[in-house]
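> What follows is final.cif, mmCIF, C-alpha atoms and all ligand atoms.
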```cif
data_query
#
loop_
_atom_site.label_atom_id
_atom_site.label_comp_id
_atom_site.auth_asym_id
_atom_site.auth_seq_id
_atom_site.Cartn_x
_atom_site.Cartn_y
_atom_site.Cartn_z
CA MET D 448 27.22 36.52 43.92
CA THR D 449 24.43 36.26 41.37
CA SER D 450 24.32 37.92 37.98
CA HIS D 451 21.95 40.42 39.56
CA ALA D 452 24.57 41.65 42.05
CA PRO D 453 25.53 44.81 40.08
CA LEU D 454 21.85 45.67 39.69
CA ILE D 455 21.21 45.26 43.43
CA GLU D 456 24.27 47.38 44.12
CA ARG D 457 22.86 50.18 41.98
CA PHE D 458 19.47 49.73 43.65
CA ASN D 459 21.11 50.07 47.06
CA ALA D 460 22.87 53.21 45.81
CA HIS D 461 19.41 54.65 45.13
CA ASP D 462 19.58 54.46 41.34
CA ARG D 463 16.04 54.90 40.01
CA ARG D 464 16.90 53.20 36.73
CA ALA D 465 17.92 50.13 38.72
CA LEU D 466 14.57 50.30 40.51
CA ALA D 467 12.75 50.50 37.15
CA LYS D 468 14.74 47.55 35.83
CA ILE D 469 13.97 45.48 38.93
CA LEU D 470 10.25 46.27 38.66
CA SER D 471 10.35 45.04 35.06
CA LEU D 472 11.99 41.84 36.28
CA VAL D 473 9.30 41.57 38.97
CA GLU D 474 6.64 41.84 36.25
CA SER D 475 8.24 39.11 34.19
CA GLY D 476 8.70 36.93 37.27
CA THR D 477 12.50 36.92 37.03
CA ALA D 478 13.44 39.37 39.78
CA PRO D 479 16.14 38.46 42.28
CA PRO D 480 15.00 37.93 45.87
CA LEU D 481 14.42 41.10 47.87
CA PRO D 482 17.51 41.90 49.97
CA ASN D 483 15.70 43.14 53.11
CA PRO D 484 12.05 42.11 53.05
CA GLU D 485 11.60 42.97 56.72
CA ASN D 486 11.13 46.68 55.93
CA GLN D 487 7.84 47.60 57.61
CA ARG D 488 8.15 51.35 57.88
CA THR D 489 6.38 52.29 54.68
CA ARG D 490 2.79 53.46 54.73
CA VAL D 491 0.87 51.53 52.04
CA VAL D 492 -2.50 52.89 50.95
CA GLY D 493 -4.87 51.25 48.46
CA LEU D 494 -7.39 53.32 46.51
CA THR D 495 -10.28 51.45 44.99
CA GLY D 496 -13.68 52.30 43.53
CA SER D 497 -15.53 52.24 40.25
CA GLY D 498 -13.98 53.64 37.08
CA GLY D 499 -14.48 57.39 36.98
CA ALA D 500 -14.86 57.76 40.78
CA GLY D 501 -11.74 59.95 40.80
CA LYS D 502 -9.03 57.57 42.01
CA SER D 503 -6.31 58.95 39.72
CA THR D 504 -7.32 62.51 40.56
CA LEU D 505 -7.13 61.70 44.27
CA VAL D 506 -3.73 60.06 43.79
CA GLY D 507 -2.55 63.31 42.20
CA ALA D 508 -3.97 65.38 45.07
CA LEU D 509 -2.40 63.08 47.68
CA VAL D 510 0.99 63.18 45.94
CA ASP D 511 0.80 66.96 45.99
CA HIS D 512 -0.10 67.02 49.69
CA LEU D 513 2.59 64.49 50.65
CA ARG D 514 5.36 66.22 48.68
CA ARG D 515 4.50 69.50 50.42
CA GLN D 516 5.06 67.68 53.71
CA GLY D 517 8.42 66.43 52.47
CA LEU D 518 7.31 62.81 52.25
CA THR D 519 8.47 60.67 49.34
CA VAL D 520 5.82 58.71 47.51
CA ALA D 521 5.60 55.89 44.99
CA VAL D 522 2.44 55.19 43.02
CA LEU D 523 1.56 51.79 41.63
CA ALA D 524 -1.27 51.94 39.13
CA SER D 525 -2.73 48.52 38.51
CA ASP D 526 -4.81 50.12 35.82
CA PRO D 527 -4.20 48.87 32.30
CA GLN D 528 -5.46 52.24 31.15
CA SER D 529 -3.00 54.24 33.22
CA PRO D 530 0.35 53.80 31.48
CA VAL D 531 3.14 56.11 32.59
CA THR D 532 4.67 58.17 29.84
CA GLY D 533 6.75 61.33 29.66
CA GLY D 534 6.00 62.83 33.04
CA ALA D 535 2.33 61.93 33.19
CA LEU D 536 0.26 59.06 34.45
CA LEU D 537 -2.30 58.65 31.71
CA GLY D 538 -5.71 57.80 33.09
CA ASP D 539 -8.72 56.99 30.99
CA ARG D 540 -9.99 60.50 31.46
CA ILE D 541 -7.27 62.39 33.23
CA ARG D 542 -3.55 62.84 33.37
CA VAL D 543 -1.88 62.97 36.76
CA ARG D 544 0.97 65.36 36.10
CA PHE D 545 4.14 65.24 38.07
CA ASP D 546 7.58 66.73 37.87
CA PRO D 547 9.84 64.12 36.24
CA ALA D 548 12.81 65.80 37.92
CA ASP D 549 11.31 65.31 41.39
CA GLU D 550 13.21 62.37 42.89
CA GLY D 551 10.69 62.19 45.73
CA VAL D 552 7.90 60.79 43.59
CA TYR D 553 7.81 57.68 41.47
CA PHE D 554 5.00 56.41 39.22
CA ARG D 555 4.73 52.97 37.78
CA SER D 556 1.86 51.13 36.14
CA LEU D 557 1.73 47.36 36.20
CA SER D 558 0.00 45.29 33.57
CA THR D 559 -3.06 43.50 34.88
CA ARG D 560 -3.22 41.23 31.85
CA GLY D 561 -4.27 37.76 32.92
CA ALA D 562 -4.37 38.71 36.59
CA ALA D 563 -7.32 37.99 38.83
CA GLY D 564 -8.81 40.62 41.09
CA GLY D 565 -7.85 43.66 39.02
CA ILE D 566 -4.36 43.96 40.47
CA SER D 567 -1.22 42.67 38.89
CA ALA D 568 0.26 39.46 40.28
CA ALA D 569 3.44 41.53 40.62
CA THR D 570 1.88 44.19 42.85
CA GLY D 571 2.92 42.63 46.16
CA ALA D 572 6.56 42.16 45.17
CA ALA D 573 6.69 45.58 43.47
CA ARG D 574 5.40 47.12 46.71
CA ASP D 575 8.13 45.36 48.71
CA TRP D 576 10.88 46.65 46.38
CA LEU D 577 9.49 50.20 46.55
CA ALA D 578 9.43 49.96 50.35
CA ALA D 579 13.03 48.71 50.34
CA PHE D 580 14.00 51.62 48.09
CA GLY D 581 12.90 53.82 50.98
CA PHE D 582 9.69 55.56 49.90
CA ASP D 583 7.73 56.92 52.85
CA VAL D 584 4.38 56.22 51.23
CA ILE D 585 3.16 53.81 48.55
CA LEU D 586 -0.21 54.45 46.89
CA ILE D 587 -1.80 51.57 44.99
CA GLU D 588 -4.64 52.44 42.60
CA THR D 589 -6.86 49.57 41.51
CA VAL D 590 -9.85 49.44 39.21
CA GLY D 591 -12.43 48.45 41.74
CA VAL D 592 -15.22 46.02 41.52
CA GLY D 593 -15.85 43.70 44.46
CA GLN D 594 -13.16 41.11 43.78
CA ASP D 595 -10.50 43.75 43.21
CA GLN D 596 -11.21 45.36 46.51
CA ILE D 597 -10.64 42.08 48.30
CA ALA D 598 -7.51 41.23 46.30
CA VAL D 599 -5.77 44.48 47.24
CA ARG D 600 -6.77 44.26 50.92
CA PRO D 601 -3.81 42.17 52.19
CA LEU D 602 -1.35 44.32 50.22
CA VAL D 603 -2.11 47.59 52.02
CA ASP D 604 -2.30 48.85 55.59
CA THR D 605 -5.13 51.22 54.72
CA LEU D 606 -7.79 50.70 52.09
CA VAL D 607 -9.68 53.73 50.82
CA LEU D 608 -12.91 53.16 48.89
CA LEU D 609 -14.15 55.98 46.66
CA VAL D 610 -17.80 56.57 45.97
CA THR D 611 -19.44 59.57 44.32
CA PRO D 612 -22.72 61.36 45.01
CA ASN D 613 -25.85 60.16 43.26
CA THR D 614 -24.35 57.26 41.35
CA GLY D 615 -25.77 54.65 43.71
CA ASP D 616 -22.26 53.17 44.02
CA GLU D 617 -22.42 53.13 47.80
CA VAL D 618 -25.70 51.20 47.77
CA GLN D 619 -24.12 48.57 45.54
CA TRP D 620 -21.08 48.25 47.85
CA GLU D 621 -23.30 48.08 50.90
CA LYS D 622 -25.55 45.40 49.43
CA ALA D 623 -22.56 43.30 48.48
CA GLY D 624 -21.33 43.61 52.09
CA LEU D 625 -18.06 45.03 50.80
CA ILE D 626 -18.06 48.48 52.28
CA GLU D 627 -16.56 47.27 55.57
CA VAL D 628 -13.59 45.76 53.70
CA ALA D 629 -12.43 49.38 53.44
CA ASP D 630 -10.93 51.37 56.32
CA LEU D 631 -12.00 54.72 54.97
CA VAL D 632 -14.78 55.61 52.57
CA VAL D 633 -14.24 58.78 50.57
CA VAL D 634 -17.29 60.46 49.13
CA ASN D 635 -15.37 62.08 46.28
CA LYS D 636 -16.73 64.85 44.04
CA SER D 637 -18.18 66.47 47.14
CA ASP D 638 -18.50 69.63 45.06
CA LEU D 639 -21.53 67.92 43.50
CA PRO D 640 -24.98 68.01 45.12
CA GLY D 641 -25.95 65.19 47.45
CA ALA D 642 -22.46 64.57 48.87
CA ASP D 643 -23.36 65.31 52.49
CA ARG D 644 -26.46 63.17 52.29
CA VAL D 645 -24.46 60.22 50.88
CA ARG D 646 -21.91 60.58 53.70
CA GLN D 647 -24.65 60.64 56.34
CA GLN D 648 -26.40 57.63 54.83
CA LEU D 649 -23.16 55.69 54.74
CA GLN D 650 -22.30 56.69 58.29
CA SER D 651 -25.62 55.50 59.63
CA ALA D 652 -25.46 52.27 57.64
CA LEU D 653 -21.93 51.61 58.91
CA SER D 654 -22.87 52.34 62.52
CA LEU D 655 -25.25 49.36 62.54
CA SER D 656 -22.71 46.57 62.70
CA PRO D 657 -19.69 46.16 65.00
CA GLN D 658 -17.34 45.24 62.10
CA SER D 659 -18.17 48.39 60.19
CA GLN D 660 -18.33 50.92 63.03
CA ARG D 661 -14.58 51.55 62.66
CA VAL D 662 -14.99 52.62 59.00
CA LYS D 663 -14.69 56.39 58.63
CA VAL D 664 -16.52 58.33 55.95
CA LEU D 665 -15.08 61.59 54.61
CA ASN D 666 -16.13 64.18 52.06
CA VAL D 667 -13.37 64.97 49.55
CA THR D 668 -13.14 66.97 46.34
CA ALA D 669 -10.08 65.46 44.71
CA SER D 670 -10.12 67.92 41.83
CA THR D 671 -9.53 70.88 44.18
CA GLY D 672 -7.76 69.08 47.03
CA GLN D 673 -10.57 69.92 49.46
CA GLY D 674 -10.62 67.36 52.29
CA VAL D 675 -7.29 65.82 51.30
CA PRO D 676 -5.40 66.96 54.46
CA GLU D 677 -8.24 65.47 56.56
CA LEU D 678 -8.04 62.23 54.58
CA TRP D 679 -4.29 62.03 55.14
CA GLN D 680 -4.85 62.72 58.85
CA ALA D 681 -7.34 59.83 59.04
CA ILE D 682 -4.88 57.54 57.24
CA GLY D 683 -2.17 58.60 59.69
CA ASP D 684 -4.38 57.59 62.62
CA ARG D 685 -4.05 54.00 61.47
CA PRO D 686 -1.03 51.76 62.06
CA ALA D 687 1.38 51.67 59.10
CA GLY D 688 3.20 48.66 57.74
CA VAL D 689 2.36 45.47 55.91
CA VAL D 690 3.72 41.95 55.89
CA PRO D 691 6.14 41.51 52.96
CA SER D 692 4.78 39.18 50.29
N1 LIG M 1 -16.59 67.40 39.96
C1 LIG M 1 -15.55 66.63 40.28
N2 LIG M 1 -14.99 65.85 39.33
C2 LIG M 1 -13.93 65.08 39.67
C3 LIG M 1 -13.42 65.07 40.99
N3 LIG M 1 -12.39 64.19 41.04
C4 LIG M 1 -12.27 63.67 39.80
N4 LIG M 1 -13.19 64.21 38.97
C5 LIG M 1 -13.39 63.93 37.54
O1 LIG M 1 -13.88 62.61 37.38
C6 LIG M 1 -13.36 62.02 36.19
C7 LIG M 1 -12.71 60.67 36.48
O2 LIG M 1 -11.57 60.87 37.28
P1 LIG M 1 -10.40 59.81 37.39
O3 LIG M 1 -9.46 60.32 38.43
O4 LIG M 1 -9.85 59.46 36.06
O5 LIG M 1 -11.19 58.53 37.94
P2 LIG M 1 -10.70 57.01 38.12
O6 LIG M 1 -11.20 56.26 36.93
O7 LIG M 1 -11.37 56.55 39.37
O8 LIG M 1 -9.20 57.02 38.23
C8 LIG M 1 -12.40 63.04 35.60
O9 LIG M 1 -13.07 63.76 34.59
C9 LIG M 1 -12.08 63.94 36.77
O10 LIG M 1 -11.74 65.25 36.37
C10 LIG M 1 -14.03 65.91 41.97
O11 LIG M 1 -13.66 65.96 43.16
N5 LIG M 1 -15.10 66.66 41.55
MG MG M 2 -7.65 55.94 37.20
#
```
Could I get this file's structure written as structure tokens?
Ligand SMILES: Nc1nc2c(ncn2[C@@H]2O[C@H](COP(=O)(O)OP(=O)(O)O)[C@@H](O)[C@H]2O)c(=O)[nH]1
Ligand SMILES: [Mg+2]


Amino acid sequence: MTSHAPLIERFNAHDRRALAKILSLVESGTAPPLPNPENQRTRVVGLTGSGGAGKSTLVGALVDHLRRQGLTVAVLASDPQSPVTGGALLGDRIRVRFDPADEGVYFRSLSTRGAAGGISAATGAARDWLAAFGFDVILIETVGVGQDQIAVRPLVDTLVLLVTPNTGDEVQWEKAGLIEVADLVVVNKSDLPGADRVRQQLQSALSLSPQSQRVKVLNVTASTGQGVPELWQAIGDRPAGVVPS
């Protein structure tokens, strides 16, 4: 028996405060070992893309969609500018609101201070604890530039890259050869002009190489939820489960 035994007991009894405490220990590198790291059932989705692409908004829309389907969901924001406070995930420009009384959803932001690749060093272990807690889905939001996208890749079973119309984002990703690191490319803000053209351009660019032919491109408007069921469907077409870190 370790000194952490009572904490693990509370964790196993589904005590969210025990989960929060363990995630703090994970962040400080003093967490006990995970009791059952073989849990592979959880769907783990990464959302990456430039600041302002709408990642936090899409997280909110996905949480809404998943809760309606009765799925439980945990969100890890590796965004130093997305601290969780009083029932809201504070983004740089938006607040993802959620019902603090809803036990089926859990938000947590991890400090990225000193971490390489835009995700916290604790993200992998935090993900494993959330999976062990029994969440059906884990969403990981990262602040994406090229390195970040690669760093989050092994932590998720599905990586979603967000681009927006007329920002030239997608050209940058394409040039850097990073677009095929994603499984799905979301052209978010598809309420804005040019969204269909950007999707078509991406689709034809991706069709050129065998590695990128599998990458799907979807139009989504995160702010209204348009295209979110289709996005979730496309995620569901992929195998779930990741190797515990
Ligand atoms: N027009 C439009 N604006 C959006 C959409 N999704 C997000 N936004 C806006 O884009 C801005 C940045 O969104 P946010 O989710 O914070 O982006 P993040 O930095 O990638 O997390 C906010 O002002 C959102 O309201 C969308 O589908 N359409
Ligand atoms: Mg954000």

> Neighbouring residues of ligand LIG 1 (chain M) are defined here as those with any atom at most 8 Å from a ligand atom, counting only C-alpha atoms and all ligand atoms; list them as a count of residues only.

31

> Which residue gives the smallest distance to ligand MG 2 (chain M) among D:Gly683, D:Ser525, D:Gln647, D:Ala623, with all atoms listed in the file counted?

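Result for the nearest residue to ligand MG 2 (chain M): D:Ser525.
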
> Which is closest to ligand MG 2 (chain M) among D:Ile587, D:Asp630, D:Leu466, D:Ser450, if we use all atoms listed in the file?

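Looking only at the distances to ligand MG 2 (chain M), the closest residue turns out to be D:Ile587.
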
> What's the separation between atom CA of Arg488 of chain D and atom CA of Leu518 of chain D, in Å to one decimal place?

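Distance between the two atoms: 12.8 Å.
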
> Between atom CA of Val492 of chain D and atom CA of Ile682 of chain D, measure the distance and give it in Å to one decimal.

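Rounded to one decimal, the two atoms are 8.2 Å apart.
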
> Here is a test: counting all atoms listed in the file, which residue of D:Thr489, D:Glu456, D:Thr589, D:Pro612 is nearest to ligand MG 2 (chain M)?

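Comparing D:Thr489, D:Glu456, D:Thr589, D:Pro612 against ligand MG 2 (chain M), the winner is D:Thr589.
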
> Report the distance between atom CA of Thr605 of chain D and atom CA of Val552 of chain D in Å, rounded to one decimal place.

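These atoms are spaced 19.6 Å apart.
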
> For Leu523 of chain D, which of D:Leu472, D:Ile626, D:Ala578, D:Ile585 is the closest residue, counting only C-alpha atoms?

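Among D:Leu472, D:Ile626, D:Ala578, D:Ile585, it is D:Ile585 that comes nearest to Leu523 of chain D.
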
> Using only C-alpha atoms and all ligand atoms, can you tell me which of D:Gly507, D:Gly571, D:Gly688, D:Pro482 comes closest to ligand MG 2 (chain M)?

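Comparing D:Gly507, D:Gly571, D:Gly688, D:Pro482 against ligand MG 2 (chain M), the winner is D:Gly507.
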
> Pick the closest to ligand MG 2 (chain M) from D:Leu678, D:Leu513, D:Leu494, D:Leu608: which is it, counting all atoms listed in the file?

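Closest to ligand MG 2 (chain M) of all the choices is D:Leu494.
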
> Considering only C-alpha atoms, return as a list in words whatever protein or nucleic-acid residues lie within 10 Å of Val689 of chain D, sequence-local ones (same chain, fewer than 3 positions apart) excluded.

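Answer for this query is Glu485, Asn486, Gln487, Arg488, Thr489, Arg490, Val491, Arg574, Asp575, Pro601, Leu602, Val603, Asp604, Thr605, Pro686 and Ser692 of chain D.
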
> So that I can see what lies close to Leu653 of chain D, please list as a PDB file with C-alpha atoms, in the coordinates of the input the residues with an atom at most 10 Å from it, counting all atoms listed in the file and leaving out residues fewer than 3 positions away in the same chain.


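Saved as selection.pdb:
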```pdb
ATOM      1  CA  GLU D 621     -23.300  48.080  50.900  1.00  0.00           C
ATOM      2  CA  ILE D 626     -18.060  48.480  52.280  1.00  0.00           C
ATOM      3  CA  GLU D 627     -16.560  47.270  55.570  1.00  0.00           C
ATOM      4  CA  GLN D 647     -24.650  60.640  56.340  1.00  0.00           C
ATOM      5  CA  GLN D 648     -26.400  57.630  54.830  1.00  0.00           C
ATOM      6  CA  LEU D 649     -23.160  55.690  54.740  1.00  0.00           C
ATOM      7  CA  GLN D 650     -22.300  56.690  58.290  1.00  0.00           C
ATOM      8  CA  SER D 656     -22.710  46.570  62.700  1.00  0.00           C
ATOM      9  CA  PRO D 657     -19.690  46.160  65.000  1.00  0.00           C
ATOM     10  CA  GLN D 658     -17.340  45.240  62.100  1.00  0.00           C
ATOM     11  CA  SER D 659     -18.170  48.390  60.190  1.00  0.00           C
ATOM     12  CA  GLN D 660     -18.330  50.920  63.030  1.00  0.00           C
ATOM     13  CA  ARG D 661     -14.580  51.550  62.660  1.00  0.00           C
ATOM     14  CA  VAL D 662     -14.990  52.620  59.000  1.00  0.00           C
ATOM     15  CA  LYS D 663     -14.690  56.390  58.630  1.00  0.00           C
ATOM     16  CA  VAL D 664     -16.520  58.330  55.950  1.00  0.00           C
TER      17      VAL D 664
END
```

> Assuming 5 Å of padding per side, give the centre and edge lengths of the axis-aligned box around every listed atom of segment 498-507 of chain D, in Å to one decimal and as JSON.


```
{"center_x": -8.7, "center_y": 58.5, "center_z": 40.6, "size_x": 22.3, "size_y": 19.7, "size_z": 17.3}
```

> Starting from the incomplete input, reconstruct N, CA and C atoms of segment 614-636 of chain D and write that as a tab-separated table (two decimals), keeping the file's coordinate frame.


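Below is the file part.tsv, written as the result:
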```tsv
chain	number	residue	atom	x	y	z
D	614	THR	N	-24.58	58.31	42.35
D	614	THR	CA	-24.35	57.26	41.35
D	614	THR	C	-24.87	55.93	41.85
D	615	GLY	N	-25.25	55.89	43.15
D	615	GLY	CA	-25.77	54.65	43.71
D	615	GLY	C	-24.67	53.63	43.99
D	616	ASP	N	-23.42	54.03	43.75
D	616	ASP	CA	-22.26	53.17	44.02
D	616	ASP	C	-22.29	52.59	45.43
D	617	GLU	N	-22.53	53.51	46.40
D	617	GLU	CA	-22.42	53.13	47.80
D	617	GLU	C	-23.48	52.08	48.16
D	618	VAL	N	-24.64	52.17	47.50
D	618	VAL	CA	-25.70	51.20	47.77
D	618	VAL	C	-25.27	49.80	47.30
D	619	GLN	N	-24.64	49.81	46.11
D	619	GLN	CA	-24.12	48.57	45.54
D	619	GLN	C	-23.08	47.92	46.47
D	620	TRP	N	-22.13	48.75	46.94
D	620	TRP	CA	-21.08	48.25	47.85
D	620	TRP	C	-21.69	47.70	49.13
D	621	GLU	N	-22.66	48.47	49.64
D	621	GLU	CA	-23.30	48.08	50.90
D	621	GLU	C	-24.02	46.75	50.77
D	622	LYS	N	-24.78	46.62	49.68
D	622	LYS	CA	-25.55	45.40	49.43
D	622	LYS	C	-24.63	44.19	49.32
D	623	ALA	N	-23.51	44.40	48.68
D	623	ALA	CA	-22.56	43.30	48.48
D	623	ALA	C	-21.79	43.00	49.78
D	624	GLY	N	-22.02	43.81	50.82
D	624	GLY	CA	-21.33	43.61	52.09
D	624	GLY	C	-19.86	43.92	52.00
D	625	LEU	N	-19.48	44.78	51.05
D	625	LEU	CA	-18.06	45.03	50.80
D	625	LEU	C	-17.56	46.33	51.40
D	626	ILE	N	-18.49	47.15	51.86
D	626	ILE	CA	-18.06	48.48	52.28
D	626	ILE	C	-17.15	48.39	53.50
D	627	GLU	N	-17.39	47.38	54.36
D	627	GLU	CA	-16.56	47.27	55.57
D	627	GLU	C	-15.20	46.62	55.30
D	628	VAL	N	-14.94	46.21	54.06
D	628	VAL	CA	-13.59	45.76	53.70
D	628	VAL	C	-12.65	46.97	53.70
D	629	ALA	N	-13.21	48.14	53.45
D	629	ALA	CA	-12.43	49.38	53.44
D	629	ALA	C	-12.19	49.86	54.88
D	630	ASP	N	-11.16	50.70	55.04
D	630	ASP	CA	-10.93	51.37	56.32
D	630	ASP	C	-11.53	52.76	56.30
D	631	LEU	N	-11.48	53.37	55.13
D	631	LEU	CA	-12.00	54.72	54.97
D	631	LEU	C	-12.83	54.76	53.69
D	632	VAL	N	-13.97	55.40	53.77
D	632	VAL	CA	-14.78	55.61	52.57
D	632	VAL	C	-14.73	57.10	52.24
D	633	VAL	N	-14.29	57.39	51.03
D	633	VAL	CA	-14.24	58.78	50.57
D	633	VAL	C	-15.44	59.02	49.66
D	634	VAL	N	-16.26	59.98	50.05
D	634	VAL	CA	-17.29	60.46	49.13
D	634	VAL	C	-16.61	61.53	48.30
D	635	ASN	N	-16.09	61.13	47.13
D	635	ASN	CA	-15.37	62.08	46.28
D	635	ASN	C	-16.38	62.89	45.46
D	636	LYS	N	-15.88	63.92	44.83
D	636	LYS	CA	-16.73	64.85	44.04
D	636	LYS	C	-17.75	65.50	44.95
```
